[in-house]
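Chemist: Mind having a look at this structure? Questions to follow.
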Amino acid sequence: MSIKNVAFIGLGVMGYPMAGHLVKAGYQVTVYNRTQSKAQQWCEQFGGQCAQTPREASQHAQVVFVCVGNDEDVRSVVLGQDGILQGAPDQCIIVDHTTTSAQLAIALSAEVKPRNIQFVDAPVSGGQAGAENGALTVMCGGDPAAFQRVQPVMNAYSKHMQLMGAVGQGQRCKMVNQICITGVLQGLSEALLLAQASGLDIPQVVQTLQHGAAGSWQMENRMTTMAKDKFDFGFAIDWMRKDLGICKEEAARHGLHLQGVESADAHYASLQQDGYARMDTSAIVKSIQRASS
């Protein structure tokens, strides 16, 4: 059965453009957002339909996409009194783009299965720019048949997509992604401090190193702004701390103590106290600089 009708729950900095790409790709999209004025704004811009509840948004949807804040937000929009399960039709697929714990994905999959509804956990990487440009990386966990059905739909806003395994494995891959990012940013921060102390030209450093073994997205897009003390953009420290908490819990289940994660989390906790909670994660350089002095 070809997919035509979809719903999108959550119109934040990621969900808003992602839902817009679905309209541009020709899908009939019904949206719900907790702040109704944001949903109205989206409908005026893209021409989709607005719903008053997740239940209403899901009533005719073959796929329901979710992109909200945290585990509790996902539980609420899926299992609440006016949640997705109260309206979603038979054979619907719920695709959760929120970064959550793997345990939540597994629990929700078990909850919806008796209702002949499938669940795919599908956290994304690429940030706001990736969402706006339709160039996200999507890490999925779920039944292969369900993944194959929704893959063409998610192509509307992704540049790469991979089924990582059973439900929960998409979220575990996202945890690995976040650990990699914080590790790179910690190394980049120390490298920047030494480069500045040595009198090196930072744009020249970036231009030289980004094409070699040290190159990374973070170097190319963040090192120069870090040097300029600019952080009012990007992925907020509040959200990274939420994600690192999930990483630490998952690591503990496997008997692992991840020292780099603990270090990054401590730096970000300090920055939250300093009023940087909504600043980009590259602001970790400020805490590392303080600890290095």
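Every chain in the structure tokens takes a letter, A first, then B, and so on in the order presented; its residues are numbered from 1, and the ligands are numbered from 1 following the presented order.
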Quick one: DSSP alpha helix (DSSP H) residues in range 51-221 of chain A, as a ChimeraX atom specification?

Modeler: /A:54-58,71-79,102-112,127-132,144-154,169-197,202-209,217-221

Chemist: Among range 140-268 of chain A, which residues does DSSP mark as strand (DSSP E) when it is run on the backbone? Keep the chain and numbering as in the structure and answer as a list in words.

Modeler: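 Answer for range 140-268 of chain A restricted to strand (DSSP E) is Cys140, Gly141, Ser158, Lys159, His160, Met161, Gln162, Leu163, Met164 and Gly165 of chain A.
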
Chemist: Mind writing the picked residues with N, CA, C and O atoms as a PDB file, in the first residue's frame?

Modeler:
ATOM      1  N   CYS A 140      17.958   3.911  12.422  1.00  0.00           N
ATOM      2  CA  CYS A 140      16.671   3.283  12.689  1.00  0.00           C
ATOM      3  C   CYS A 140      16.804   1.935  13.387  1.00  0.00           C
ATOM      4  O   CYS A 140      17.741   1.182  13.154  1.00  0.00           O
ATOM      5  N   GLY A 141      15.807   1.655  14.213  1.00  0.00           N
ATOM      6  CA  GLY A 141      15.653   0.342  14.824  1.00  0.00           C
ATOM      7  C   GLY A 141      14.217  -0.113  14.639  1.00  0.00           C
ATOM      8  O   GLY A 141      13.288   0.655  14.883  1.00  0.00           O
ATOM      9  N   SER A 158      16.193  13.281   4.382  1.00  0.00           N
ATOM     10  CA  SER A 158      17.439  12.622   4.784  1.00  0.00           C
ATOM     11  C   SER A 158      18.411  12.494   3.616  1.00  0.00           C
ATOM     12  O   SER A 158      18.007  12.452   2.454  1.00  0.00           O
ATOM     13  N   LYS A 159      19.689  12.433   3.957  1.00  0.00           N
ATOM     14  CA  LYS A 159      20.717  12.146   2.954  1.00  0.00           C
ATOM     15  C   LYS A 159      21.262  10.734   3.133  1.00  0.00           C
ATOM     16  O   LYS A 159      21.837  10.160   2.207  1.00  0.00           O
ATOM     17  N   HIS A 160      21.105  10.175   4.338  1.00  0.00           N
ATOM     18  CA  HIS A 160      21.532   8.800   4.586  1.00  0.00           C
ATOM     19  C   HIS A 160      20.643   8.193   5.664  1.00  0.00           C
ATOM     20  O   HIS A 160      20.292   8.864   6.637  1.00  0.00           O
ATOM     21  N   MET A 161      20.300   6.926   5.475  1.00  0.00           N
ATOM     22  CA  MET A 161      19.416   6.233   6.402  1.00  0.00           C
ATOM     23  C   MET A 161      19.890   4.794   6.527  1.00  0.00           C
ATOM     24  O   MET A 161      20.282   4.180   5.534  1.00  0.00           O
ATOM     25  N   GLN A 162      19.851   4.268   7.758  1.00  0.00           N
ATOM     26  CA  GLN A 162      20.341   2.903   7.959  1.00  0.00           C
ATOM     27  C   GLN A 162      19.507   2.209   9.018  1.00  0.00           C
ATOM     28  O   GLN A 162      19.271   2.761  10.097  1.00  0.00           O
ATOM     29  N   LEU A 163      19.065   0.987   8.723  1.00  0.00           N
ATOM     30  CA  LEU A 163      18.437   0.147   9.736  1.00  0.00           C
ATOM     31  C   LEU A 163      19.550  -0.526  10.521  1.00  0.00           C
ATOM     32  O   LEU A 163      20.328  -1.314   9.973  1.00  0.00           O
ATOM     33  N   MET A 164      19.621  -0.232  11.813  1.00  0.00           N
ATOM     34  CA  MET A 164      20.712  -0.708  12.654  1.00  0.00           C
ATOM     35  C   MET A 164      20.406  -2.054  13.305  1.00  0.00           C
ATOM     36  O   MET A 164      21.306  -2.689  13.870  1.00  0.00           O
ATOM     37  N   GLY A 165      19.151  -2.484  13.257  1.00  0.00           N
ATOM     38  CA  GLY A 165      18.757  -3.727  13.906  1.00  0.00           C
ATOM     39  C   GLY A 165      17.359  -3.611  14.477  1.00  0.00           C
ATOM     40  O   GLY A 165      16.527  -2.860  13.974  1.00  0.00           O
TER      41      GLY A 165
END

Chemist: So which residues touch Glu111 in chain A within 12 Å, counting only C-alpha atoms, skipping near sequence neighbours fewer than 6 positions away, as a list in words?

Modeler: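 Skipping anything fewer than 6 positions along the chain leaves Arg75, Val78, Leu79, Leu85, Ile94, Leu104, Ala105, Ile117, Gln118 and Phe119 of chain A.
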
Chemist: Go ahead and dump the residues you just picked, C-alpha atoms, as a CSV table (one decimal), in the first residue's frame.

Modeler:
chain,number,residue,atom,x,y,z
A,75,ARG,CA,5.1,8.7,26.3
A,78,VAL,CA,1.8,8.2,22.2
A,79,LEU,CA,0.1,6.9,25.2
A,85,LEU,CA,-2.7,5.3,20.0
A,94,ILE,CA,4.9,5.2,14.4
A,104,LEU,CA,11.5,3.6,25.9
A,105,ALA,CA,11.6,2.5,22.3
A,117,ILE,CA,0.7,-0.9,14.9
A,118,GLN,CA,4.5,-1.0,14.4
A,119,PHE,CA,7.1,1.2,16.0

Chemist: For a quick check of understanding, using only C-alpha atoms, which of A:Gly234, A:Gly12, A:Gly134, A:Gly83 has the smallest distance to Arg278 in chain A?

Modeler: A:Gly234

Chemist: Determine, counting only C-alpha atoms, which protein, DNA and RNA residues have an atom within 9 Å of an atom of His267 in chain A; residues of the same chain fewer than 2 positions away are not included. Present the result as a PyMOL selection string.

Modeler: chain A and resi 262-265+269-272+284-288

Chemist: Take the residues from that selection and put them in a file with C-alpha atoms, as a PDB file, in the first residue's frame.

Modeler:
ATOM      1  CA  GLU A 262      31.663  11.921  32.406  1.00  0.00           C
ATOM      2  CA  SER A 263      34.173  14.687  31.684  1.00  0.00           C
ATOM      3  CA  ALA A 264      32.015  16.307  29.002  1.00  0.00           C
ATOM      4  CA  ASP A 265      28.907  16.068  31.170  1.00  0.00           C
ATOM      5  CA  ALA A 269      26.853  21.070  33.917  1.00  0.00           C
ATOM      6  CA  SER A 270      29.244  23.880  34.829  1.00  0.00           C
ATOM      7  CA  LEU A 271      28.243  25.846  31.747  1.00  0.00           C
ATOM      8  CA  GLN A 272      24.545  25.446  32.566  1.00  0.00           C
ATOM      9  CA  ILE A 284      32.541  23.453  26.127  1.00  0.00           C
ATOM     10  CA  VAL A 285      35.770  25.274  25.210  1.00  0.00           C
ATOM     11  CA  LYS A 286      34.952  27.908  27.846  1.00  0.00           C
ATOM     12  CA  SER A 287      34.836  25.339  30.631  1.00  0.00           C
ATOM     13  CA  ILE A 288      37.931  23.531  29.374  1.00  0.00           C
TER      14      ILE A 288
END

Chemist: Measuring between only C-alpha atoms, which one of A:Ala107, A:Val120, A:Met226, A:Ala7 shows the shortest distance to Gly87 in chain A?

Modeler: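 Comparing A:Ala107, A:Val120, A:Met226, A:Ala7 against Gly87 in chain A, the winner is A:Ala7.
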
Chemist: As a list of chain:residue names, please: the residues near Ile202 in chain A (cut-off 9 Å, only C-alpha atoms, same-chain neighbours under 4 positions excluded).

Modeler: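 Neighbouring residues, sequence-local ones excluded: A:Leu192, A:Ala195, A:Gln196, A:Val206, A:Gln207, A:Met223, A:Thr224, A:Ala227.
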
Chemist: Keeping only C-alpha atoms, take the residues you just selected and write them out as a PDB file, in the first residue's frame.

Modeler:
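Below is the file that was written, result_24.pdb:
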ATOM      1  CA  LEU A 192      42.240  25.577  19.923  1.00  0.00           C
ATOM      2  CA  ALA A 195      46.800  27.153  18.730  1.00  0.00           C
ATOM      3  CA  GLN A 196      45.752  30.502  20.200  1.00  0.00           C
ATOM      4  CA  VAL A 206      41.124  24.977   9.964  1.00  0.00           C
ATOM      5  CA  GLN A 207      41.779  25.363   6.238  1.00  0.00           C
ATOM      6  CA  MET A 223      36.498  25.848  15.478  1.00  0.00           C
ATOM      7  CA  THR A 224      36.427  29.334  13.984  1.00  0.00           C
ATOM      8  CA  ALA A 227      37.785  31.144  18.561  1.00  0.00           C
TER       9      ALA A 227
END

Chemist: Taking 5 positions as the minimum chain separation for residues in the same chain, which residues sit within 9 Å of Gly183 in chain A when counting only C-alpha atoms? Answer as number ranges by chain.

Modeler: A: 178, 188, 260-261, 264

Chemist: What would the file look like if the residues just selected were written as a PDB file, in the first residue's frame with C-alpha atoms?

Modeler:
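Okay, out14.pdb is ready:
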ATOM      1  CA  GLN A 178      26.659  11.917  20.730  1.00  0.00           C
ATOM      2  CA  LEU A 188      39.070  20.502  19.480  1.00  0.00           C
ATOM      3  CA  GLY A 260      35.165  11.032  28.358  1.00  0.00           C
ATOM      4  CA  VAL A 261      31.380  11.179  28.684  1.00  0.00           C
ATOM      5  CA  ALA A 264      32.015  16.307  29.002  1.00  0.00           C
TER       6      ALA A 264
END

Chemist: Give me, as a ChimeraX atom specification, all polymer residues having an atom no more than 9 Å from Gln210 in chain A, counting only C-alpha atoms and skipping those fewer than 5 positions away in the same chain.

Modeler: /A:205,215-217,219-220

Chemist: Which value, in Å to one decimal, gives the distance between CA of Ala266 in chain A and CA of Met175 in chain A?

Modeler: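 Rounded to one decimal, the two atoms are 17.3 Å apart.
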
Chemist: Interatomic distance between CA of Arg34 in chain A and CA of Lys242 in chain A?

Modeler: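 According to the coordinates, CA of Arg34 in chain A and CA of Lys242 in chain A are separated by 20.3 Å.
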
Chemist: Could I get the residues of range 58-95 of chain A with an atom no further than 12 Å from an atom of range 22-30 of chain A, each paired with its nearest atom pair and that distance in Å to one decimal, using only C-alpha atoms, sorted by chain and residue number, as CSV?

Modeler:
residue,atom,partner,partner_atom,distance
A:Ser58,CA,A:Thr30,CA,7.9
A:Gln59,CA,A:Thr30,CA,9.7
A:His60,CA,A:Thr30,CA,9.1
A:Ala61,CA,A:Thr30,CA,8.2
A:Gln62,CA,A:Gln28,CA,10.4
A:Val63,CA,A:Val29,CA,9.9
A:Val64,CA,A:Thr30,CA,9.3
A:Phe65,CA,A:Val29,CA,10.2

Chemist: Mind writing the picked residues with N, CA, C and O atoms as an mmCIF file, in the first residue's frame?

Modeler:
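Dumped to part.cif:
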data_model
loop_
_atom_site.group_PDB
_atom_site.id
_atom_site.type_symbol
_atom_site.label_atom_id
_atom_site.label_comp_id
_atom_site.auth_asym_id
_atom_site.auth_seq_id
_atom_site.Cartn_x
_atom_site.Cartn_y
_atom_site.Cartn_z
ATOM 1 N N SER A 58 -3.580 11.807 14.066
ATOM 2 C CA SER A 58 -3.225 10.448 13.657
ATOM 3 C C SER A 58 -4.360 9.670 13.018
ATOM 4 O O SER A 58 -4.137 8.574 12.495
ATOM 5 N N GLN A 59 -5.571 10.186 13.050
ATOM 6 C CA GLN A 59 -6.756 9.395 12.705
ATOM 7 C C GLN A 59 -6.722 8.799 11.303
ATOM 8 O O GLN A 59 -7.238 7.715 11.077
ATOM 9 N N HIS A 60 -6.142 9.483 10.353
ATOM 10 C CA HIS A 60 -6.118 8.979 8.975
ATOM 11 C C HIS A 60 -4.694 8.753 8.471
ATOM 12 O O HIS A 60 -4.480 8.593 7.263
ATOM 13 N N ALA A 61 -3.760 8.711 9.389
ATOM 14 C CA ALA A 61 -2.350 8.630 9.002
ATOM 15 C C ALA A 61 -1.888 7.189 8.814
ATOM 16 O O ALA A 61 -2.177 6.320 9.631
ATOM 17 N N GLN A 62 -1.156 6.963 7.742
ATOM 18 C CA GLN A 62 -0.493 5.675 7.554
ATOM 19 C C GLN A 62 0.838 5.625 8.296
ATOM 20 O O GLN A 62 1.302 4.551 8.668
ATOM 21 N N VAL A 63 1.435 6.789 8.466
ATOM 22 C CA VAL A 63 2.660 6.922 9.258
ATOM 23 C C VAL A 63 2.502 8.140 10.158
ATOM 24 O O VAL A 63 2.045 9.195 9.705
ATOM 25 N N VAL A 64 2.888 7.985 11.425
ATOM 26 C CA VAL A 64 2.899 9.108 12.359
ATOM 27 C C VAL A 64 4.332 9.340 12.801
ATOM 28 O O VAL A 64 4.964 8.461 13.400
ATOM 29 N N PHE A 65 4.863 10.508 12.490
ATOM 30 C CA PHE A 65 6.216 10.879 12.896
ATOM 31 C C PHE A 65 6.150 11.664 14.202
ATOM 32 O O PHE A 65 5.273 12.520 14.374
#

Chemist: I need the residue nearest Ser109 in chain A from this list: A:Trp42, A:Val167, A:Ala88, A:Glu249. Use only C-alpha atoms for the distance.

Modeler: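 Nearest candidate to Ser109 in chain A out of A:Trp42, A:Val167, A:Ala88, A:Glu249: A:Val167.
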